[in-house]
>>> print(open('my_file_16.txt').read())   # compact mmCIF, C-alpha atoms and all ligand atoms
# COMPACT_ATOMS: atom_id res chain seq x y z
CA MET A 783 -15.15 -4.43 -3.25
CA PHE A 784 -12.74 -6.82 -1.64
CA ASN A 785 -14.49 -10.12 -0.99
CA LEU A 786 -15.51 -10.28 2.66
CA SER A 787 -17.73 -13.31 2.20
CA GLY A 788 -16.47 -16.28 4.11
CA LEU A 789 -13.89 -14.25 6.05
CA SER A 790 -13.77 -15.53 9.58
CA THR A 791 -13.18 -13.30 12.59
CA SER A 792 -14.02 -15.88 15.23
CA LYS A 793 -12.03 -16.09 18.43
CA THR A 794 -9.47 -18.86 18.25
CA GLU A 795 -7.38 -20.45 20.95
CA SER A 796 -4.17 -21.35 19.17
CA GLN A 797 -4.06 -22.46 15.57
CA HIS A 798 -1.07 -24.12 13.98
CA VAL A 799 -0.43 -23.80 10.24
CA LYS A 800 2.41 -24.73 7.95
CA VAL A 801 2.37 -21.40 6.15
CA LEU A 802 1.09 -18.20 7.73
CA ILE A 803 0.86 -15.14 5.51
CA LEU A 804 0.49 -11.67 6.99
CA GLY A 805 -1.25 -9.29 4.60
CA ALA A 806 -3.72 -9.80 1.77
CA GLY A 807 -2.40 -7.50 -0.93
CA PRO A 808 -0.96 -8.76 -4.24
CA ALA A 809 2.15 -10.23 -2.56
CA GLY A 810 0.20 -12.04 0.18
CA LEU A 811 -2.45 -13.45 -2.12
CA ALA A 812 0.07 -14.55 -4.76
CA ALA A 813 2.01 -16.31 -1.98
CA ALA A 814 -1.26 -17.89 -0.82
CA LEU A 815 -2.01 -19.13 -4.35
CA TYR A 816 1.38 -20.81 -4.68
CA ALA A 817 1.39 -22.26 -1.16
CA ALA A 818 -2.17 -23.54 -1.65
CA ARG A 819 -1.25 -25.22 -4.92
CA ALA A 820 1.63 -26.89 -3.05
CA GLU A 821 -1.08 -28.29 -0.72
CA LEU A 822 0.23 -26.43 2.30
CA ALA A 823 -3.20 -25.01 3.25
CA PRO A 824 -1.89 -21.48 3.90
CA LEU A 825 -3.70 -19.09 6.20
CA VAL A 826 -3.75 -15.40 5.26
CA LEU A 827 -4.43 -12.77 7.92
CA THR A 828 -5.71 -9.73 6.07
CA GLY A 829 -4.55 -6.98 8.44
CA ILE A 830 -6.64 -3.85 8.70
CA GLN A 831 -6.25 -2.70 5.09
CA LEU A 832 -8.25 -5.36 3.24
CA GLY A 833 -6.73 -6.09 -0.15
CA GLY A 834 -3.74 -3.82 0.48
CA GLN A 835 -3.13 -0.57 -1.35
CA VAL A 836 -4.20 -2.01 -4.69
CA ALA A 837 -7.79 -2.21 -3.40
CA LEU A 838 -7.73 1.58 -2.97
CA THR A 839 -6.61 2.20 -6.55
CA HIS A 840 -9.34 2.97 -9.04
CA THR A 841 -7.81 1.39 -12.14
CA ILE A 842 -4.63 -0.63 -12.63
CA GLU A 843 -3.38 -0.15 -16.17
CA ASN A 844 -0.05 -1.94 -15.95
CA TYR A 845 -0.88 -5.37 -14.58
CA PRO A 846 -0.23 -7.81 -17.45
CA GLY A 847 -3.24 -9.67 -18.81
CA PHE A 848 -5.68 -6.77 -18.57
CA PRO A 849 -5.20 -4.73 -21.75
CA GLU A 850 -8.08 -2.41 -20.89
CA GLY A 851 -7.00 -2.04 -17.24
CA VAL A 852 -8.72 -3.55 -14.22
CA GLY A 853 -10.29 -2.07 -11.09
CA GLY A 854 -7.97 -2.26 -8.06
CA SER A 855 -10.51 -3.85 -5.75
CA GLU A 856 -11.66 -6.14 -8.57
CA LEU A 857 -8.10 -7.36 -9.07
CA GLY A 858 -7.72 -7.92 -5.31
CA ASP A 859 -10.96 -9.89 -5.33
CA LEU A 860 -9.74 -12.04 -8.23
CA PHE A 861 -6.44 -12.71 -6.43
CA GLN A 862 -8.35 -13.85 -3.36
CA LYS A 863 -10.79 -16.07 -5.26
CA GLN A 864 -7.96 -17.75 -7.15
CA ALA A 865 -6.02 -18.49 -3.94
CA GLU A 866 -9.15 -19.77 -2.17
CA ARG A 867 -9.99 -22.02 -5.10
CA PHE A 868 -6.89 -24.06 -4.24
CA GLY A 869 -7.52 -24.16 -0.50
CA ALA A 870 -6.05 -20.95 0.96
CA ARG A 871 -7.97 -19.52 3.91
CA VAL A 872 -8.29 -15.77 4.32
CA GLU A 873 -9.20 -14.39 7.76
CA PHE A 874 -9.99 -10.83 8.75
CA ASP A 875 -7.47 -10.52 11.53
CA SER A 876 -4.45 -8.39 12.30
CA ALA A 877 -1.19 -9.32 14.00
CA SER A 878 -0.36 -7.34 17.13
CA ALA A 879 2.82 -9.18 18.18
CA ALA A 880 5.33 -11.56 16.62
CA ASP A 881 7.86 -13.90 18.19
CA LEU A 882 10.36 -15.09 15.61
CA SER A 883 12.96 -16.20 18.18
CA GLN A 884 12.07 -19.87 17.83
CA ARG A 885 10.04 -22.22 15.66
CA PRO A 886 7.20 -22.60 15.34
CA PHE A 887 6.91 -18.84 14.98
CA LYS A 888 4.24 -17.24 17.12
CA ILE A 889 1.88 -14.50 15.94
CA THR A 890 -0.59 -12.90 18.33
CA THR A 891 -3.77 -11.16 17.18
CA ASP A 892 -6.85 -9.79 18.94
CA ASN A 893 -8.55 -13.08 18.14
CA GLY A 894 -5.92 -15.45 19.47
CA ASP A 895 -2.52 -16.95 18.79
CA TYR A 896 -1.19 -18.59 15.68
CA THR A 897 1.88 -20.78 15.40
CA ALA A 898 3.46 -21.41 12.03
CA ASP A 899 6.24 -23.52 10.56
CA THR A 900 6.93 -20.76 8.05
CA LEU A 901 5.90 -17.13 7.93
CA ILE A 902 5.52 -14.94 4.85
CA ILE A 903 5.39 -11.24 5.67
CA THR A 904 3.49 -9.17 3.12
CA THR A 905 2.31 -6.36 5.34
CA GLY A 906 2.76 -3.66 2.67
CA ALA A 907 3.20 0.02 3.35
CA SER A 908 1.14 2.96 4.58
CA PRO A 909 0.95 6.50 3.17
CA ASN A 910 3.36 9.07 4.58
CA HIS A 911 2.07 12.16 6.30
CA LEU A 912 3.29 15.71 5.77
CA ASN A 913 3.49 16.30 9.51
CA VAL A 914 2.42 19.94 9.27
CA PRO A 915 -0.01 21.81 11.55
CA GLY A 916 -3.65 21.17 10.65
CA GLU A 917 -3.03 17.82 8.94
CA VAL A 918 -4.18 15.54 11.74
CA GLU A 919 -7.08 17.77 12.79
CA LEU A 920 -8.43 18.07 9.24
CA THR A 921 -7.94 14.46 8.13
CA GLY A 922 -11.37 13.29 6.96
CA LYS A 923 -12.45 16.95 6.80
CA GLY A 924 -10.82 17.71 3.48
CA VAL A 925 -7.42 16.06 4.00
CA SER A 926 -7.24 12.64 2.35
CA TYR A 927 -4.69 9.99 1.36
CA CYS A 928 -7.03 8.16 -1.05
CA ALA A 929 -8.63 9.74 -4.11
CA THR A 930 -10.57 6.58 -4.94
CA CYS A 931 -12.16 6.64 -1.48
CA ASP A 932 -12.85 10.36 -1.11
CA GLY A 933 -12.73 11.91 -4.60
CA TRP A 934 -16.51 11.88 -5.08
CA LEU A 935 -16.87 14.25 -2.10
CA PHE A 936 -15.23 17.00 -4.17
CA LYS A 937 -17.63 17.35 -7.08
CA ASP A 938 -17.09 20.76 -8.75
CA LYS A 939 -14.66 21.74 -5.99
CA LYS A 940 -11.04 22.88 -6.09
CA VAL A 941 -8.53 20.36 -4.79
CA VAL A 942 -4.80 20.21 -4.26
CA VAL A 943 -2.60 17.16 -4.75
CA ILE A 944 0.75 17.03 -2.96
CA GLY A 945 3.65 15.07 -4.46
CA GLY A 946 5.40 14.53 -7.77
CA GLY A 947 5.42 10.74 -8.09
CA ASP A 948 3.24 8.26 -9.94
CA SER A 949 0.66 8.19 -7.16
CA ALA A 950 0.24 11.97 -7.15
CA LEU A 951 -0.36 12.12 -10.89
CA GLU A 952 -2.46 8.97 -11.15
CA GLU A 953 -4.69 10.06 -8.29
CA GLY A 954 -4.70 13.65 -9.54
CA LEU A 955 -5.95 12.46 -12.93
CA PHE A 956 -8.63 10.41 -11.19
CA LEU A 957 -9.73 13.48 -9.24
CA THR A 958 -10.41 15.42 -12.47
CA ARG A 959 -13.55 13.27 -12.83
CA TYR A 960 -15.06 15.19 -9.94
CA ALA A 961 -13.12 18.32 -9.10
CA SER A 962 -13.34 21.56 -11.09
CA SER A 963 -9.56 21.97 -10.80
CA VAL A 964 -6.64 19.91 -9.50
CA THR A 965 -3.47 21.74 -8.51
CA VAL A 966 -0.43 19.51 -8.13
CA ILE A 967 2.07 21.03 -5.71
CA HIS A 968 5.57 19.60 -5.90
CA ARG A 969 8.65 20.43 -3.86
CA ARG A 970 10.96 20.39 -6.91
CA ASP A 971 10.75 21.67 -10.48
CA SER A 972 10.59 18.27 -12.15
CA LEU A 973 8.34 15.30 -11.57
CA ARG A 974 9.39 11.87 -10.35
CA ALA A 975 6.41 10.20 -12.08
CA GLY A 976 6.81 8.10 -15.24
CA ALA A 977 6.55 9.64 -18.71
CA VAL A 978 3.05 8.35 -19.58
CA LEU A 979 1.45 9.84 -16.48
CA GLN A 980 3.41 13.09 -16.83
CA LYS A 981 2.18 13.57 -20.40
CA ARG A 982 -1.40 12.73 -19.49
CA ALA A 983 -1.40 15.11 -16.51
CA GLN A 984 0.24 17.94 -18.44
CA GLU A 985 -2.32 17.60 -21.22
CA ASN A 986 -5.32 17.55 -18.88
CA PRO A 987 -6.95 21.02 -18.88
CA LYS A 988 -8.14 20.64 -15.27
CA ILE A 989 -4.62 20.01 -13.92
CA ASN A 990 -2.14 22.76 -13.15
CA PHE A 991 1.18 22.71 -11.28
CA ILE A 992 2.89 24.73 -8.59
CA TRP A 993 6.62 23.98 -8.51
CA ASP A 994 9.39 24.29 -5.91
CA THR A 995 6.86 24.59 -3.16
CA VAL A 996 6.26 22.91 0.19
CA GLU A 997 3.35 23.02 2.59
CA ALA A 998 3.75 24.87 5.87
CA GLU A 999 0.24 24.47 7.27
CA ILE A 1000 -3.22 23.22 6.39
CA VAL A 1001 -5.73 25.89 7.28
CA GLY A 1002 -9.41 25.58 8.13
CA LYS A 1003 -11.98 25.63 10.91
CA GLY A 1004 -13.75 22.26 10.92
CA LYS A 1005 -12.89 21.72 7.24
CA VAL A 1006 -10.05 22.49 4.87
CA GLU A 1007 -10.15 26.06 3.59
CA ALA A 1008 -6.61 26.67 2.38
CA VAL A 1009 -3.01 25.54 2.46
CA ARG A 1010 -0.15 27.81 3.44
CA LEU A 1011 2.70 27.33 0.98
CA ARG A 1012 6.37 28.24 0.96
CA ASN A 1013 8.45 28.56 -2.18
CA VAL A 1014 11.71 26.73 -1.42
CA LYS A 1015 13.72 28.95 -3.79
CA THR A 1016 12.45 32.40 -2.77
CA GLY A 1017 11.16 31.64 0.74
CA GLU A 1018 7.94 33.49 -0.17
CA GLU A 1019 4.83 32.32 1.70
CA THR A 1020 1.34 32.34 0.20
CA VAL A 1021 -2.07 31.08 1.26
CA PHE A 1022 -3.72 28.98 -1.45
CA PRO A 1023 -7.48 28.49 -1.02
CA THR A 1024 -8.72 24.94 -1.62
CA ASP A 1025 -11.55 22.61 -0.64
CA GLY A 1026 -9.49 19.46 -0.37
CA ILE A 1027 -5.90 18.26 0.00
CA PHE A 1028 -4.81 14.87 -1.26
CA ILE A 1029 -1.39 13.82 0.01
CA PHE A 1030 0.71 11.34 -2.01
CA ILE A 1031 4.27 11.69 -0.78
CA GLY A 1032 5.37 8.07 -0.61
CA HIS A 1033 4.91 5.25 1.82
CA THR A 1034 6.47 3.69 4.92
CA PRO A 1035 6.68 -0.11 5.14
CA ASN A 1036 4.46 -1.72 7.80
CA THR A 1037 7.26 -3.65 9.49
CA GLN A 1038 7.36 -2.17 13.01
CA LEU A 1039 6.26 -5.53 14.45
CA PHE A 1040 9.50 -7.14 13.31
CA GLU A 1041 11.98 -4.48 14.41
CA GLY A 1042 14.88 -6.07 16.26
CA GLN A 1043 13.88 -9.53 15.01
CA LEU A 1044 14.67 -9.28 11.29
CA ALA A 1045 17.42 -7.45 9.44
CA MET A 1046 16.00 -4.27 7.94
CA GLU A 1047 17.19 -1.28 5.94
CA LYS A 1048 15.27 1.96 6.42
CA GLY A 1049 12.27 -0.03 7.63
CA TYR A 1050 12.24 -2.41 4.66
CA ILE A 1051 12.81 -6.07 5.54
CA GLU A 1052 16.01 -7.29 3.91
CA VAL A 1053 15.49 -10.29 1.64
CA ASP A 1054 17.75 -12.20 -0.72
CA ASP A 1055 16.75 -13.20 -4.25
CA LYS A 1056 14.71 -16.10 -2.82
CA MET A 1057 12.78 -13.76 -0.49
CA GLN A 1058 14.54 -15.22 2.56
CA THR A 1059 14.90 -12.88 5.53
CA SER A 1060 17.60 -13.06 8.19
CA VAL A 1061 15.56 -15.74 10.04
CA PRO A 1062 15.32 -19.18 8.35
CA GLY A 1063 11.67 -20.01 7.63
CA VAL A 1064 10.62 -16.35 7.51
CA TYR A 1065 10.11 -14.73 4.10
CA ALA A 1066 9.04 -11.27 3.07
CA ALA A 1067 7.57 -9.94 -0.17
CA GLY A 1068 5.90 -6.87 -1.64
CA GLU A 1069 6.27 -3.34 -0.34
CA ALA A 1070 7.34 -4.44 3.14
CA ALA A 1071 10.54 -5.68 1.53
CA ASP A 1072 10.81 -3.67 -1.68
CA PRO A 1073 12.16 -0.13 -1.65
CA THR A 1074 12.77 -0.21 -5.40
CA PHE A 1075 9.93 -1.39 -7.65
CA ARG A 1076 6.72 -1.31 -5.58
CA GLN A 1077 4.43 -2.36 -8.43
CA VAL A 1078 1.48 -4.73 -8.26
CA VAL A 1079 3.19 -7.11 -10.67
CA THR A 1080 6.53 -7.10 -8.83
CA SER A 1081 4.81 -7.57 -5.46
CA ALA A 1082 2.85 -10.53 -6.82
CA GLY A 1083 6.06 -11.99 -8.26
CA MET A 1084 7.86 -11.61 -4.93
CA GLY A 1085 4.94 -13.28 -3.15
CA ALA A 1086 5.05 -16.24 -5.52
CA ALA A 1087 8.82 -16.54 -5.04
CA ALA A 1088 8.46 -16.43 -1.23
CA ALA A 1089 5.90 -19.25 -1.32
CA ILE A 1090 8.08 -21.39 -3.59
CA THR A 1091 11.04 -20.94 -1.23
CA ALA A 1092 8.86 -21.72 1.81
CA THR A 1093 7.60 -24.86 0.05
CA ARG A 1094 11.16 -26.05 -0.62
CA PHE A 1095 12.15 -25.28 2.98
CA LEU A 1096 9.26 -27.42 4.29
CA GLU A 1097 9.98 -30.20 1.77
CA HIS A 1098 13.54 -30.27 3.07
CA GLU A 1099 12.12 -30.79 6.57
CA ASN A 1100 9.60 -33.36 5.24
CA LYS A 1101 6.63 -31.27 6.41
P1 LIG B 1201 7.23 8.15 -4.64
O1 LIG B 1201 7.57 7.65 -6.00
O2 LIG B 1201 8.18 7.92 -3.53
O3 LIG B 1201 6.97 9.72 -4.79
C1 LIG B 1201 6.73 10.51 -3.67
C2 LIG B 1201 6.65 11.97 -4.11
O4 LIG B 1201 6.36 12.75 -2.96
C3 LIG B 1201 7.94 12.46 -4.70
O5 LIG B 1201 7.69 13.31 -5.80
C4 LIG B 1201 8.57 13.25 -3.53
O6 LIG B 1201 9.34 14.33 -3.95
C5 LIG B 1201 7.34 13.76 -2.81
N1 LIG B 1201 7.57 13.94 -1.37
C6 LIG B 1201 8.13 13.06 -0.51
N2 LIG B 1201 8.15 13.55 0.74
C7 LIG B 1201 7.59 14.79 0.66
C8 LIG B 1201 7.31 15.79 1.61
N3 LIG B 1201 7.60 15.64 2.91
N4 LIG B 1201 6.73 16.94 1.19
C9 LIG B 1201 6.42 17.10 -0.13
N5 LIG B 1201 6.64 16.18 -1.08
C10 LIG B 1201 7.23 15.04 -0.68
O7 LIG B 1201 5.83 7.58 -4.13
P2 LIG B 1201 4.52 7.16 -4.94
O8 LIG B 1201 4.17 8.15 -5.96
O9 LIG B 1201 3.53 6.80 -3.89
O10 LIG B 1201 4.95 5.82 -5.69
C11 LIG B 1201 5.43 4.71 -4.92
C12 LIG B 1201 5.80 3.58 -5.86
O11 LIG B 1201 4.61 3.07 -6.46
C13 LIG B 1201 6.70 4.02 -7.00
O12 LIG B 1201 7.62 2.99 -7.26
C14 LIG B 1201 5.76 4.20 -8.15
O13 LIG B 1201 6.38 3.98 -9.41
C15 LIG B 1201 4.72 3.14 -7.85
N6 LIG B 1201 3.42 3.52 -8.45
C16 LIG B 1201 3.22 3.20 -9.74
C17 LIG B 1201 2.04 3.56 -10.36
C18 LIG B 1201 1.87 3.21 -11.80
O14 LIG B 1201 2.77 2.66 -12.39
N7 LIG B 1201 0.76 3.51 -12.42
C19 LIG B 1201 1.06 4.26 -9.66
C20 LIG B 1201 1.29 4.60 -8.34
C21 LIG B 1201 2.49 4.22 -7.74
P3 LIG B 1201 10.76 14.10 -4.72
O15 LIG B 1201 10.39 13.71 -6.13
O16 LIG B 1201 11.41 15.43 -4.61
O17 LIG B 1201 11.47 13.03 -3.97
>>> encode(input="my_file_16.txt", output="structure tokens")
Amino acid sequence: MFNLSGLSTSKTESQHVKVLILGAGPAGLAAALYAARAELAPLVLTGIQLGGQVALTHTIENYPGFPEGVGGSELGDLFQKQAERFGARVEFDSASAADLSQRPFKITTDNGDYTADTLIITTGASPNHLNVPGEVELTGKGVSYCATCDGWLFKDKKVVVIGGGDSALEEGLFLTRYASSVTVIHRRDSLRAGAVLQKRAQENPKINFIWDTVEAEIVGKGKVEAVRLRNVKTGEETVFPTDGIFIFIGHTPNTQLFEGQLAMEKGYIEVDDKMQTSVPGVYAAGEAADPTFRQVVTSAGMGAAAAITATRFLEHENK
């Protein structure tokens, strides 16, 4: 699990820091490591999702340095320990407002106010919802957005995975540990996921596919019983019985707090190749600013770059 030991949640009046980092996923903790090693004593506010999305991933197989793969929460824990070793502080707190109109920048949380000479935004992204009838009502009652969290509840049961990307296949493969069958339902007739995952999923005897199909409704009284499907080519509707529905249809960046204050494109914070946003002294990294790569390794790299740029910015000001 993500390391909660030593995380402070105490009420603060107003704290000033040189580098404030919002989010404790790979981007935030890599930024913290670099800023700490530059002796800037960065403060990381974790947000609600401790460790970011990586902490919800069972195994990461493509982070360099771990030839056998590494557990997602274990990797998050290692990131945190490494940053703390050099003096980064990690607090369990979540920003509720941001004022980037003047320096120092002001961030408000339930626990108090923070002012910061520089701000590194690594708030990540949250899973998208299907927005169909039954989804909200049955979330936690068979509808899930996290196989690592909820997969064990479906031992010897039939589950459905929605989506055709890497997440859908990776999580679908994970679910075969528990479920008796995993049906991947995709809105097109070809997958978006990378070749390795495609091959592995297609070769797994527990996984089968339904193509060209979207979800019209999630059906069940008190728990998921079925999903109503519509074939996008024929228009035919069917009811597919299932015990669980895992939805992996992409993510939306968690950047609402900065709307109107930073330049954005489709919700992603715009950054240049030095991770600088439209406001000097504010940097962004990881999925909040990356519509393209969205990998653990690229997020960590962006976080490191943001911290290096912030360090140079402060050096220039002699801070
Ligand atoms: P993604 O690549 O954006 O894929 C989302 C999938 O959901 C697509 O197949 C999309 O269909 C489908 N979809 C979107 N909206 C839908 C809707 N309303 N109804 C039904 N289906 C819908 O998202 P992701 O799989 O979460 O991956 C995000 C990023 O993380 C990617 O860059 C991916 O490479 C990366 N990732 C990597 C790994 C890995 O390398 N092991 C693992 C997980 C994630 P279309 O294909 O038709 O657009």
>>> residues_around(input="my_file_16.txt", residues="Met1084 in chain A", least_positions_apart="6", cutoff="12 Å", atoms="all atoms listed in the file", output="MDAnalysis selection string")
chainID A and resid 807:814 816 902:904 1053:1058 1065:1072 1075:1078 1090:1091
>>> write_last_selection(input="my_file_16.txt", atoms="C-alpha atoms", output="PDB file, in the coordinates of the input")
ATOM      1  CA  GLY A 807      -2.400  -7.500  -0.930  1.00  0.00           C
ATOM      2  CA  PRO A 808      -0.960  -8.760  -4.240  1.00  0.00           C
ATOM      3  CA  ALA A 809       2.150 -10.230  -2.560  1.00  0.00           C
ATOM      4  CA  GLY A 810       0.200 -12.040   0.180  1.00  0.00           C
ATOM      5  CA  LEU A 811      -2.450 -13.450  -2.120  1.00  0.00           C
ATOM      6  CA  ALA A 812       0.070 -14.550  -4.760  1.00  0.00           C
ATOM      7  CA  ALA A 813       2.010 -16.310  -1.980  1.00  0.00           C
ATOM      8  CA  ALA A 814      -1.260 -17.890  -0.820  1.00  0.00           C
ATOM      9  CA  TYR A 816       1.380 -20.810  -4.680  1.00  0.00           C
ATOM     10  CA  ILE A 902       5.520 -14.940   4.850  1.00  0.00           C
ATOM     11  CA  ILE A 903       5.390 -11.240   5.670  1.00  0.00           C
ATOM     12  CA  THR A 904       3.490  -9.170   3.120  1.00  0.00           C
ATOM     13  CA  VAL A1053      15.490 -10.290   1.640  1.00  0.00           C
ATOM     14  CA  ASP A1054      17.750 -12.200  -0.720  1.00  0.00           C
ATOM     15  CA  ASP A1055      16.750 -13.200  -4.250  1.00  0.00           C
ATOM     16  CA  LYS A1056      14.710 -16.100  -2.820  1.00  0.00           C
ATOM     17  CA  MET A1057      12.780 -13.760  -0.490  1.00  0.00           C
ATOM     18  CA  GLN A1058      14.540 -15.220   2.560  1.00  0.00           C
ATOM     19  CA  TYR A1065      10.110 -14.730   4.100  1.00  0.00           C
ATOM     20  CA  ALA A1066       9.040 -11.270   3.070  1.00  0.00           C
ATOM     21  CA  ALA A1067       7.570  -9.940  -0.170  1.00  0.00           C
ATOM     22  CA  GLY A1068       5.900  -6.870  -1.640  1.00  0.00           C
ATOM     23  CA  GLU A1069       6.270  -3.340  -0.340  1.00  0.00           C
ATOM     24  CA  ALA A1070       7.340  -4.440   3.140  1.00  0.00           C
ATOM     25  CA  ALA A1071      10.540  -5.680   1.530  1.00  0.00           C
ATOM     26  CA  ASP A1072      10.810  -3.670  -1.680  1.00  0.00           C
ATOM     27  CA  PHE A1075       9.930  -1.390  -7.650  1.00  0.00           C
ATOM     28  CA  ARG A1076       6.720  -1.310  -5.580  1.00  0.00           C
ATOM     29  CA  GLN A1077       4.430  -2.360  -8.430  1.00  0.00           C
ATOM     30  CA  VAL A1078       1.480  -4.730  -8.260  1.00  0.00           C
ATOM     31  CA  ILE A1090       8.080 -21.390  -3.590  1.00  0.00           C
ATOM     32  CA  THR A1091      11.040 -20.940  -1.230  1.00  0.00           C
TER      33      THR A1091
END
>>> residues_around(input="my_file_16.txt", residues="Gly1063 in chain A", least_positions_apart="5", cutoff="8 Å", atoms="all atoms listed in the file", output="JSON list (two decimals) with C-alpha atoms, keeping the file's coordinate frame")
[["chain", "number", "residue", "atom", "x", "y", "z"],
["A", 899, "ASP", "CA", 6.24, -23.52, 10.56],
["A", 900, "THR", "CA", 6.93, -20.76, 8.05],
["A", 901, "LEU", "CA", 5.90, -17.13, 7.93],
["A", 1058, "GLN", "CA", 14.54, -15.22, 2.56],
["A", 1092, "ALA", "CA", 8.86, -21.72, 1.81],
["A", 1095, "PHE", "CA", 12.15, -25.28, 2.98]]
>>> residues_near_ligand(input="my_file_16.txt", ligand="ligand LIG 1201 (chain B)", cutoff="9 Å", atoms="only C-alpha atoms and all ligand atoms", output="VMD selection string")
chain A and resid 839 841 to 844 909 to 913 944 to 953 967 to 976 978 to 979 995 to 997 1029 to 1033 1069 1073 to 1078
>>> residues_near_point(input="my_file_16.txt", point="(-5.1, 23.3, 11.5)", cutoff="12 Å", atoms="all atoms listed in the file", output="list of chain:residue names")
A:Asn913, A:Val914, A:Pro915, A:Gly916, A:Glu917, A:Val918, A:Glu919, A:Leu920, A:Thr921, A:Lys923, A:Gly924, A:Val925, A:Ala998, A:Glu999, A:Ile1000, A:Val1001, A:Gly1002, A:Lys1003, A:Gly1004, A:Lys1005, A:Val1006, A:Glu1007, A:Ala1008, A:Val1009, A:Arg1010
>>> closest_residue(input="my_file_16.txt", among="A:Leu838, A:Val941, A:Ala820, A:Val801", to="Pro1023 in chain A", atoms="only C-alpha atoms")
A:Val941
>>> closest_residue(input="my_file_16.txt", among="A:Ser1060, A:Thr958, A:Thr1020, A:Thr891", to="Gln797 in chain A", atoms="all atoms listed in the file")
A:Thr891
>>> atom_distance(input="my_file_16.txt", atom1="CA of Phe887 in chain A", atom2="CA of Ile1051 in chain A")
16.9 Å
>>> axis_aligned_box(input="my_file_16.txt", around="range 950-957 of chain A", padding_each_side="5 Å", output="JSON")
{"center_x": -4.7, "center_y": 11.3, "center_z": -10.0, "size_x": 20.0, "size_y": 14.7, "size_z": 15.8}
>>> residues_near_point(input="my_file_16.txt", point="(-13.3, 16.4, -9.3)", cutoff="12 Å", atoms="all atoms listed in the file", output="number ranges by chain")
A: 929-930, 932-943, 953-965, 988-989, 1025-1026, 1028
>>> closest_residue(input="my_file_16.txt", among="A:Tyr1050, A:Glu821, A:Ser908, A:Ser796", to="Asp895 in chain A", atoms="all atoms listed in the file")
A:Ser796
>>> closest_residue(input="my_file_16.txt", among="A:Val836, A:Ala1088, A:Cys931, A:Leu825", to="Thr897 in chain A", atoms="all atoms listed in the file")
A:Leu825
>>> residues_around(input="my_file_16.txt", residues="range 881-886 of chain A", least_positions_apart="3", cutoff="10 Å", atoms="all atoms listed in the file", output="MDAnalysis selection string")
chainID A and resid 798:800 889:890 896:901 1039:1040 1043:1044 1061:1064
>>> write_last_selection(input="my_file_16.txt", atoms="C-alpha atoms", output="compact mmCIF listing (two decimals), keeping the file's coordinate frame")
# COMPACT_ATOMS: atom_id res chain seq x y z
CA HIS A 798 -1.07 -24.12 13.98
CA VAL A 799 -0.43 -23.80 10.24
CA LYS A 800 2.41 -24.73 7.95
CA ILE A 889 1.88 -14.50 15.94
CA THR A 890 -0.59 -12.90 18.33
CA TYR A 896 -1.19 -18.59 15.68
CA THR A 897 1.88 -20.78 15.40
CA ALA A 898 3.46 -21.41 12.03
CA ASP A 899 6.24 -23.52 10.56
CA THR A 900 6.93 -20.76 8.05
CA LEU A 901 5.90 -17.13 7.93
CA LEU A 1039 6.26 -5.53 14.45
CA PHE A 1040 9.50 -7.14 13.31
CA GLN A 1043 13.88 -9.53 15.01
CA LEU A 1044 14.67 -9.28 11.29
CA VAL A 1061 15.56 -15.74 10.04
CA PRO A 1062 15.32 -19.18 8.35
CA GLY A 1063 11.67 -20.01 7.63
CA VAL A 1064 10.62 -16.35 7.51
>>> build_atoms(input="my_file_16.txt", residues="range 874-880 of chain A", atoms="N, CA, C and O atoms", output="short mmCIF file (atom, residue, chain, number, x, y, z; two decimals), keeping the file's coordinate frame")
data_model
loop_
_atom_site.label_atom_id
_atom_site.label_comp_id
_atom_site.auth_asym_id
_atom_site.auth_seq_id
_atom_site.Cartn_x
_atom_site.Cartn_y
_atom_site.Cartn_z
N PHE A 874 -10.07 -12.25 8.42
CA PHE A 874 -9.99 -10.83 8.75
C PHE A 874 -9.43 -10.70 10.16
O PHE A 874 -10.15 -10.78 11.15
N ASP A 875 -8.13 -10.56 10.23
CA ASP A 875 -7.47 -10.52 11.53
C ASP A 875 -6.14 -9.79 11.34
O ASP A 875 -5.58 -9.77 10.24
N SER A 876 -5.64 -9.22 12.41
CA SER A 876 -4.45 -8.39 12.30
C SER A 876 -3.45 -8.73 13.40
O SER A 876 -3.83 -8.82 14.57
N ALA A 877 -2.21 -8.93 13.03
CA ALA A 877 -1.19 -9.32 14.00
C ALA A 877 -0.85 -8.14 14.90
O ALA A 877 -0.67 -7.01 14.43
N SER A 878 -0.75 -8.40 16.21
CA SER A 878 -0.36 -7.34 17.13
C SER A 878 1.01 -7.62 17.75
O SER A 878 1.63 -6.72 18.32
N ALA A 879 1.48 -8.85 17.66
CA ALA A 879 2.82 -9.18 18.18
C ALA A 879 3.36 -10.38 17.41
O ALA A 879 2.59 -11.19 16.87
N ALA A 880 4.69 -10.45 17.34
CA ALA A 880 5.33 -11.56 16.62
C ALA A 880 6.53 -12.03 17.42
O ALA A 880 7.30 -11.21 17.94
#
